[in-house]
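Undergrad: This is start.cif, which holds mmCIF, C-alpha atoms:
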data_final
#
loop_
_atom_site.label_atom_id
_atom_site.label_comp_id
_atom_site.auth_asym_id
_atom_site.auth_seq_id
_atom_site.Cartn_x
_atom_site.Cartn_y
_atom_site.Cartn_z
CA MET H 1 0.00 0.00 0.00
CA SER H 2 2.99 2.29 0.50
CA LYS H 3 3.66 2.18 -3.25
CA ASP H 4 0.06 3.23 -3.90
CA LEU H 5 0.45 6.16 -1.52
CA ILE H 6 3.71 7.24 -3.17
CA ALA H 7 2.09 7.08 -6.60
CA ALA H 8 -0.96 9.05 -5.44
CA ILE H 9 1.18 11.85 -4.03
CA VAL H 10 3.46 12.00 -7.07
CA ASN H 11 0.39 12.12 -9.33
CA MET H 12 -1.11 14.94 -7.24
CA ASP H 13 -4.20 12.93 -6.32
CA ASP H 14 -4.97 14.60 -3.01
CA GLY H 15 -8.19 12.73 -2.28
CA LYS H 16 -6.67 9.30 -2.85
CA SER H 17 -3.51 10.23 -0.94
CA LEU H 18 -5.42 11.21 2.19
CA GLU H 19 -7.72 8.20 1.90
CA LEU H 20 -4.80 5.80 1.60
CA ALA H 21 -2.91 7.38 4.51
CA LYS H 22 -5.99 7.09 6.73
CA LYS H 23 -6.62 3.50 5.64
CA MET H 24 -3.00 2.55 6.30
CA LEU H 25 -3.07 4.07 9.77
CA GLU H 26 -6.38 2.40 10.64
CA GLY H 27 -4.99 -0.88 9.32
CA GLY H 28 -2.14 -0.80 11.80
CA VAL H 29 0.64 0.51 9.57
CA ASP H 30 3.23 2.38 11.64
CA ALA H 31 2.96 6.15 11.28
CA ASN H 32 6.70 6.34 10.62
CA GLU H 33 6.29 4.02 7.63
CA ILE H 34 3.65 6.35 6.23
CA LEU H 35 5.98 9.30 6.72
CA ALA H 36 8.77 7.42 4.94
CA ALA H 37 6.48 6.82 1.95
CA CYS H 38 5.59 10.51 1.89
CA GLN H 39 9.24 11.50 1.88
CA GLN H 40 10.00 9.07 -0.94
CA ALA H 41 7.17 10.62 -2.92
CA MET H 42 8.46 14.13 -2.27
CA SER H 43 11.91 13.07 -3.45
CA GLU H 44 10.38 11.96 -6.74
CA VAL H 45 8.46 15.23 -7.01
CA GLY H 46 11.75 17.04 -6.49
CA ASN H 47 13.40 15.01 -9.24
CA ARG H 48 10.58 15.84 -11.64
CA PHE H 49 10.86 19.50 -10.75
CA GLU H 50 14.59 19.44 -11.41
CA SER H 51 14.05 17.77 -14.80
CA GLY H 52 11.43 20.33 -15.83
CA GLU H 53 8.52 17.86 -15.79
CA TYR H 54 6.95 19.54 -12.76
CA PHE H 55 6.79 23.22 -11.89
CA LEU H 56 6.08 25.39 -8.83
CA PRO H 57 2.33 24.59 -8.75
CA GLU H 58 3.15 20.88 -8.42
CA LEU H 59 5.58 21.60 -5.59
CA ILE H 60 2.93 23.60 -3.77
CA MET H 61 0.26 20.97 -4.39
CA SER H 62 2.44 18.11 -3.16
CA GLY H 63 3.28 20.16 -0.09
CA GLU H 64 -0.39 20.66 0.70
CA ILE H 65 -1.04 16.93 0.30
CA LEU H 66 1.78 16.17 2.70
CA LYS H 67 0.43 18.65 5.24
CA GLY H 68 -2.93 16.87 5.08
CA ILE H 69 -1.34 13.48 5.64
CA THR H 70 0.76 14.81 8.51
CA LYS H 71 -2.40 16.10 10.18
CA ILE H 72 -3.90 12.60 9.95
CA ILE H 73 -0.94 10.79 11.51
CA LYS H 74 0.11 13.49 13.97
CA PRO H 75 -2.17 12.33 16.83
CA LYS H 76 -0.72 8.82 16.58
CA LEU H 77 2.84 10.11 16.70
CA GLU H 78 2.09 12.43 19.61
CA ALA H 79 0.48 9.56 21.52
CA ASN H 80 3.80 7.73 21.31
CA ARG H 81 5.80 10.76 22.39
CA GLY H 82 8.29 10.03 25.11
CA ALA H 83 8.30 11.75 28.47
CA GLY H 84 11.18 13.11 30.44
CA GLU H 85 13.95 15.64 30.09
CA LYS H 86 15.02 17.16 26.78
CA ALA H 87 17.34 15.03 24.68
CA GLY H 88 19.26 18.00 23.32
CA LYS H 89 18.92 21.30 21.49
CA ILE H 90 18.83 21.69 17.71
CA VAL H 91 18.82 24.74 15.44
CA PHE H 92 17.10 23.83 12.17
CA GLY H 93 16.34 25.66 8.94
CA THR H 94 16.00 25.44 5.17
CA VAL H 95 19.09 27.04 3.66
CA ALA H 96 19.24 30.24 1.58
CA GLY H 97 17.74 29.92 -1.88
CA ASP H 98 15.06 27.40 -0.93
CA ILE H 99 11.54 28.18 0.31
CA HIS H 100 10.53 24.54 0.78
CA ASP H 101 9.38 23.75 4.30
CA ILE H 102 7.57 20.40 4.17
CA GLY H 103 10.57 18.14 4.73
CA LYS H 104 11.94 20.48 7.38
CA ASP H 105 8.65 20.55 9.25
CA ILE H 106 8.36 16.76 9.27
CA VAL H 107 11.89 16.33 10.60
CA ILE H 108 11.35 18.98 13.27
CA PHE H 109 8.09 17.35 14.32
CA MET H 110 9.79 13.97 14.67
CA LEU H 111 12.69 15.47 16.62
CA GLU H 112 10.28 17.20 18.99
CA THR H 113 8.34 13.96 19.35
CA ASN H 114 11.59 12.43 20.55
CA ASN H 115 12.09 15.16 23.17
CA PHE H 116 14.53 17.40 21.31
CA ASP H 117 14.22 21.15 21.81
CA VAL H 118 14.18 22.55 18.25
CA VAL H 119 14.64 26.17 17.21
CA ASP H 120 13.00 26.52 13.78
CA LEU H 121 14.67 29.25 11.71
CA GLY H 122 12.19 28.84 8.86
CA VAL H 123 13.01 28.80 5.14
CA ASP H 124 15.46 30.64 2.87
CA VAL H 125 17.62 31.22 5.94
CA PRO H 126 20.60 33.56 5.32
CA ILE H 127 24.02 32.27 6.29
CA ASP H 128 24.54 34.91 8.96
CA ARG H 129 21.26 33.93 10.62
CA PHE H 130 22.46 30.37 11.10
CA VAL H 131 25.66 31.72 12.65
CA ALA H 132 23.76 34.14 14.90
CA ALA H 133 21.34 31.42 16.02
CA ILE H 134 24.20 29.11 17.00
CA GLU H 135 25.86 31.87 18.99
CA LYS H 136 22.59 32.79 20.70
CA GLU H 137 21.01 29.38 21.29
CA ASN H 138 24.16 27.33 21.96
CA PRO H 139 22.67 24.19 20.34
CA ASP H 140 24.15 20.72 20.28
CA ILE H 141 23.18 20.13 16.65
CA VAL H 142 22.45 22.17 13.53
CA GLY H 143 20.10 20.81 10.88
CA MET H 144 20.09 22.14 7.32
CA SER H 145 17.37 21.22 4.85
CA GLY H 146 17.35 21.72 1.09
CA PHE H 147 14.95 20.48 -1.56
CA LEU H 148 16.77 21.50 -4.76
CA THR H 149 20.29 21.02 -6.10
CA ASN H 150 21.01 24.75 -6.00
CA THR H 151 21.02 24.52 -2.21
CA PHE H 152 24.18 22.41 -2.11
CA ASP H 153 26.35 25.51 -2.37
CA SER H 154 24.27 27.25 0.31
CA MET H 155 24.94 24.36 2.68
CA LYS H 156 28.65 24.46 1.92
CA GLU H 157 28.84 28.23 2.39
CA THR H 158 26.85 28.09 5.62
CA VAL H 159 29.15 25.45 7.13
CA ALA H 160 32.17 27.50 6.01
CA ALA H 161 30.74 30.58 7.75
CA ILE H 162 30.17 28.60 10.95
CA GLU H 163 33.79 27.48 10.74
CA LYS H 164 34.98 31.04 10.16
CA ALA H 165 33.00 32.23 13.19
CA GLY H 166 34.98 29.82 15.33
CA ILE H 167 31.98 27.78 16.46
CA ARG H 168 32.16 24.76 14.15
CA ASN H 169 33.61 22.54 16.87
CA LYS H 170 30.68 23.31 19.15
CA VAL H 171 28.02 21.65 16.99
CA LYS H 172 27.30 18.60 14.91
CA ILE H 173 25.78 19.41 11.51
CA MET H 174 23.26 17.23 9.69
CA ILE H 175 21.89 17.83 6.20
CA GLY H 176 19.02 16.35 4.22
CA GLY H 177 16.01 16.86 2.00
CA GLY H 178 14.88 16.51 -1.61
CA THR H 179 17.82 15.88 -3.90
CA VAL H 180 20.44 15.90 -1.13
CA THR H 181 22.52 12.70 -1.06
CA GLU H 182 25.25 11.17 1.06
CA ASP H 183 27.85 12.61 -1.34
CA ILE H 184 26.86 16.16 -0.41
CA THR H 185 27.98 15.54 3.18
CA GLY H 186 31.61 15.76 2.15
CA TYR H 187 31.01 18.58 -0.31
CA ALA H 188 29.30 20.72 2.32
CA GLN H 189 31.67 19.60 5.09
CA ALA H 190 28.72 18.52 7.24
CA ASP H 191 28.95 15.68 9.75
CA ALA H 192 26.19 13.46 8.40
CA TYR H 193 23.29 13.06 5.99
CA GLY H 194 19.82 11.81 6.88
CA ASP H 195 17.60 10.52 4.08
CA ASN H 196 14.39 10.72 6.13
CA ALA H 197 12.98 12.05 9.38
CA MET H 198 13.72 8.95 11.42
CA ALA H 199 17.31 8.91 10.16
CA ALA H 200 17.66 12.46 11.48
CA VAL H 201 16.27 11.39 14.85
CA THR H 202 18.67 8.43 14.98
CA LEU H 203 21.64 10.67 14.14
CA ALA H 204 20.65 13.17 16.81
CA LYS H 205 20.18 10.48 19.45
CA ASN H 206 23.52 8.88 18.61
CA TRP H 207 25.32 12.21 18.82
CA MET H 208 23.73 13.10 22.13
CA GLY H 209 24.42 9.63 23.46
CA GLY H 210 28.08 10.26 22.84
CA LYS H 211 28.12 13.33 25.06
#
What does the file become when written as C-alpha cells?
TA:
Amino acid sequence: MSKDLIAAIVNMDDGKSLELAKKMLEGGVDANEILAACQQAMSEVGNRFESGEYFLPELIMSGEILKGITKIIKPKLEANRGAGEKAGKIVFGTVAGDIHDIGKDIVIFMLETNNFDVVDLGVDVPIDRFVAAIEKENPDIVGMSGFLTNTFDSMKETVAAIEKAGIRNKVKIMIGGGTVTEDITGYAQADAYGDNAMAAVTLAKNWMGGK
C-alpha cells in the first residue's frame, strides 16, 4: 500500500492520498512508515521539478497533500511521544535559496516527538542567521534542509561561515532533504546526511548519546 500512496502523491491525487494514509493508519501501519512513503514521494516530485517535468504549482500541491497526511498521523505520533527531560537542542532551517518547508517541518516534528528542543529558523535562511542562532542558542546540533540542487552551495557556504566564526567545533551538523545525497555531506563539510525524518532522529540520538 505504501507504493500506492507514493504514486498518489506523485500524481497529485490529493483525495486518494489522504484516503490511503488514513486507511493505512487504521490498518495498523506504523505512522513512521507512512511518513517514509511521503518522503519518498516528495523526493520523486523534487526530481521531476529538477528535470522540468513539474513546476512550482506541483511543488505547492504536493506540499499541501503532505500537510494533510501529517495532520492525519500526527495524533498517533504524539500519543507515542516520550516523556522526560530534553534530549538535546537543535537549530534547524531550510538554507538560503530554498523556500521549501515540508521536509523540514516533518523532521522537526519527529525530533520534537523524541524530546529534542528545536529552534526553527524557517526557510530561505541567510548564512549569517544560522551563525547568529548558534551563537545565541548554543545548540548541540544544527540541521540544514534543502529540496533542490542549488542549495548544495548554500549548505557548503553556511558550514564555512560557521567554521569562520569559530563555532564549528561546538556543533554537529546534519543535512538532508529533496535531492540531497550522502555525497553532499563531504562537499558541504557537514557531519552526516539523513535521508528521512527517522534517520535524522537516529543521528541526533547517537550524537547526544556520545556526550
Undergrad: Quick one: of H:Gly88, H:Pro126, H:Gly146, H:Gly93, who's nearest to H:Asn114, counting only C-alpha atoms?
TA: H:Gly88
Undergrad: Once the PyMOL selection byres ((chain H and resi 165) around 12) has been applied to the shown file, what residues remain in the selection, as a ChimeraX atom specification?
TA: /H:127-128,130-132,134-135,158-164,166-170
Undergrad: Between atom CA of H:Met155 and atom CA of H:Val45, what is the distance, to one decimal in Å?
TA: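 Interatomic distance here is 21.2 Å.
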Undergrad: When you draw a straight line from atom CA of H:Ser43 to atom CA of H:Glu64, how long is it in Å?
TA: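 Computed distance, atom CA of H:Ser43 to atom CA of H:Glu64, equals 15.0 Å.
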Undergrad: Could you work out how far atom CA of H:Ile99 lies from atom CA of H:Val123, giving the answer in Å with one decimal?
TA: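 These atoms are spaced 5.1 Å apart.
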Undergrad: So that I can check the surroundings of H:Ile184, please list as an mmCIF file with C-alpha atoms, in the coordinates of the input every protein, DNA and RNA residue that reaches within 8 Å of it, counting all atoms listed in the file and ignoring chain neighbours fewer than 4 positions away.
TA:
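Heads up, here's the output in out.cif:
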data_model
loop_
_atom_site.group_PDB
_atom_site.id
_atom_site.type_symbol
_atom_site.label_atom_id
_atom_site.label_comp_id
_atom_site.auth_asym_id
_atom_site.auth_seq_id
_atom_site.Cartn_x
_atom_site.Cartn_y
_atom_site.Cartn_z
ATOM 1 C CA PHE H 152 24.180 22.410 -2.110
ATOM 2 C CA VAL H 180 20.440 15.900 -1.130
ATOM 3 C CA ALA H 188 29.300 20.720 2.320
ATOM 4 C CA TYR H 193 23.290 13.060 5.990
#
Undergrad: I need the output of the PyMOL selection byres ((chain H and resi 208) around 10) for this file as a list of chain:residue names; which residues are they?
TA: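 That selection, the PyMOL selection byres ((chain H and resi 208) around 10), comes back as H:Ala87, H:Gly88, H:Lys89, H:Asp140, H:Ile141, H:Lys172, H:Thr202, H:Leu203, H:Ala204, H:Lys205, H:Asn206, H:Trp207, H:Gly209, H:Gly210, H:Lys211.
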Undergrad: I'd like the residues picked by the PyMOL selection byres ((chain H and resi 13-18) around 10) written out as a list of chain:residue names, using the chain letters and numbers from the file.
TA: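 Applied to this file, the PyMOL selection byres ((chain H and resi 13-18) around 10) returns H:Asp4, H:Leu5, H:Ile6, H:Ala7, H:Ala8, H:Ile9, H:Val10, H:Asn11, H:Met12, H:Glu19, H:Leu20, H:Ala21, H:Lys22, H:Lys23, H:Met24, H:Cys38, H:Met61, H:Ser62, H:Glu64, H:Ile65, H:Leu66, H:Lys67, H:Gly68, H:Ile69, H:Thr70, H:Lys71, H:Ile72.
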Undergrad: Name the residues, using the chain letters and numbers of the file, that sit within 10 Å of (21.1, 13.8, 3.3) when counting all atoms listed in the file, and give them as JSON, numbers by chain.
TA: {"H": [144, 145, 146, 174, 175, 176, 177, 178, 179, 180, 181, 182, 183, 184, 185, 190, 192, 193, 194, 195, 196, 199, 200]}
Undergrad: Can you complete the atoms of stretch 183-198 of chain H to N, CA, C and O atoms and list them as a short mmCIF file (atom, residue, chain, number, x, y, z; two decimals), keeping the file's coordinate frame?
TA:
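Dumped to part_22.cif:
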data_model
loop_
_atom_site.label_atom_id
_atom_site.label_comp_id
_atom_site.auth_asym_id
_atom_site.auth_seq_id
_atom_site.Cartn_x
_atom_site.Cartn_y
_atom_site.Cartn_z
N ASP H 183 26.66 11.96 -0.75
CA ASP H 183 27.85 12.61 -1.34
C ASP H 183 27.97 14.08 -0.96
O ASP H 183 29.08 14.62 -0.90
N ILE H 184 26.84 14.73 -0.72
CA ILE H 184 26.86 16.16 -0.41
C ILE H 184 27.41 16.42 0.98
O ILE H 184 27.85 17.52 1.30
N THR H 185 27.44 15.39 1.83
CA THR H 185 27.98 15.54 3.18
C THR H 185 29.43 16.03 3.11
O THR H 185 29.81 16.99 3.78
N GLY H 186 30.22 15.36 2.30
CA GLY H 186 31.61 15.76 2.15
C GLY H 186 31.76 17.10 1.47
O GLY H 186 32.59 17.92 1.86
N TYR H 187 30.95 17.32 0.44
CA TYR H 187 31.01 18.58 -0.31
C TYR H 187 30.73 19.77 0.61
O TYR H 187 31.42 20.80 0.57
N ALA H 188 29.71 19.62 1.44
CA ALA H 188 29.30 20.72 2.32
C ALA H 188 30.11 20.77 3.61
O ALA H 188 30.00 21.72 4.38
N GLN H 189 30.89 19.71 3.85
CA GLN H 189 31.67 19.60 5.09
C GLN H 189 30.75 19.48 6.32
O GLN H 189 31.06 20.00 7.40
N ALA H 190 29.62 18.81 6.11
CA ALA H 190 28.72 18.52 7.24
C ALA H 190 29.19 17.24 7.92
O ALA H 190 30.11 16.57 7.44
N ASP H 191 28.55 16.89 9.02
CA ASP H 191 28.95 15.68 9.75
C ASP H 191 28.21 14.44 9.28
O ASP H 191 28.73 13.34 9.36
N ALA H 192 26.97 14.63 8.82
CA ALA H 192 26.19 13.46 8.40
C ALA H 192 24.99 13.88 7.56
O ALA H 192 24.57 15.03 7.56
N TYR H 193 24.47 12.89 6.84
CA TYR H 193 23.29 13.06 5.99
C TYR H 193 22.19 12.13 6.47
O TYR H 193 22.44 10.96 6.79
N GLY H 194 20.96 12.64 6.53
CA GLY H 194 19.82 11.81 6.88
C GLY H 194 18.84 11.78 5.72
O GLY H 194 18.41 12.83 5.25
N ASP H 195 18.48 10.59 5.25
CA ASP H 195 17.60 10.52 4.08
C ASP H 195 16.12 10.53 4.43
O ASP H 195 15.27 10.53 3.54
N ASN H 196 15.79 10.57 5.71
CA ASN H 196 14.39 10.72 6.13
C ASN H 196 14.35 11.20 7.57
O ASN H 196 15.39 11.34 8.23
N ALA H 197 13.14 11.47 8.05
CA ALA H 197 12.98 12.05 9.38
C ALA H 197 13.52 11.15 10.48
O ALA H 197 14.16 11.62 11.43
N MET H 198 13.26 9.86 10.37
CA MET H 198 13.72 8.95 11.42
C MET H 198 15.24 8.82 11.41
O MET H 198 15.87 8.62 12.46
#
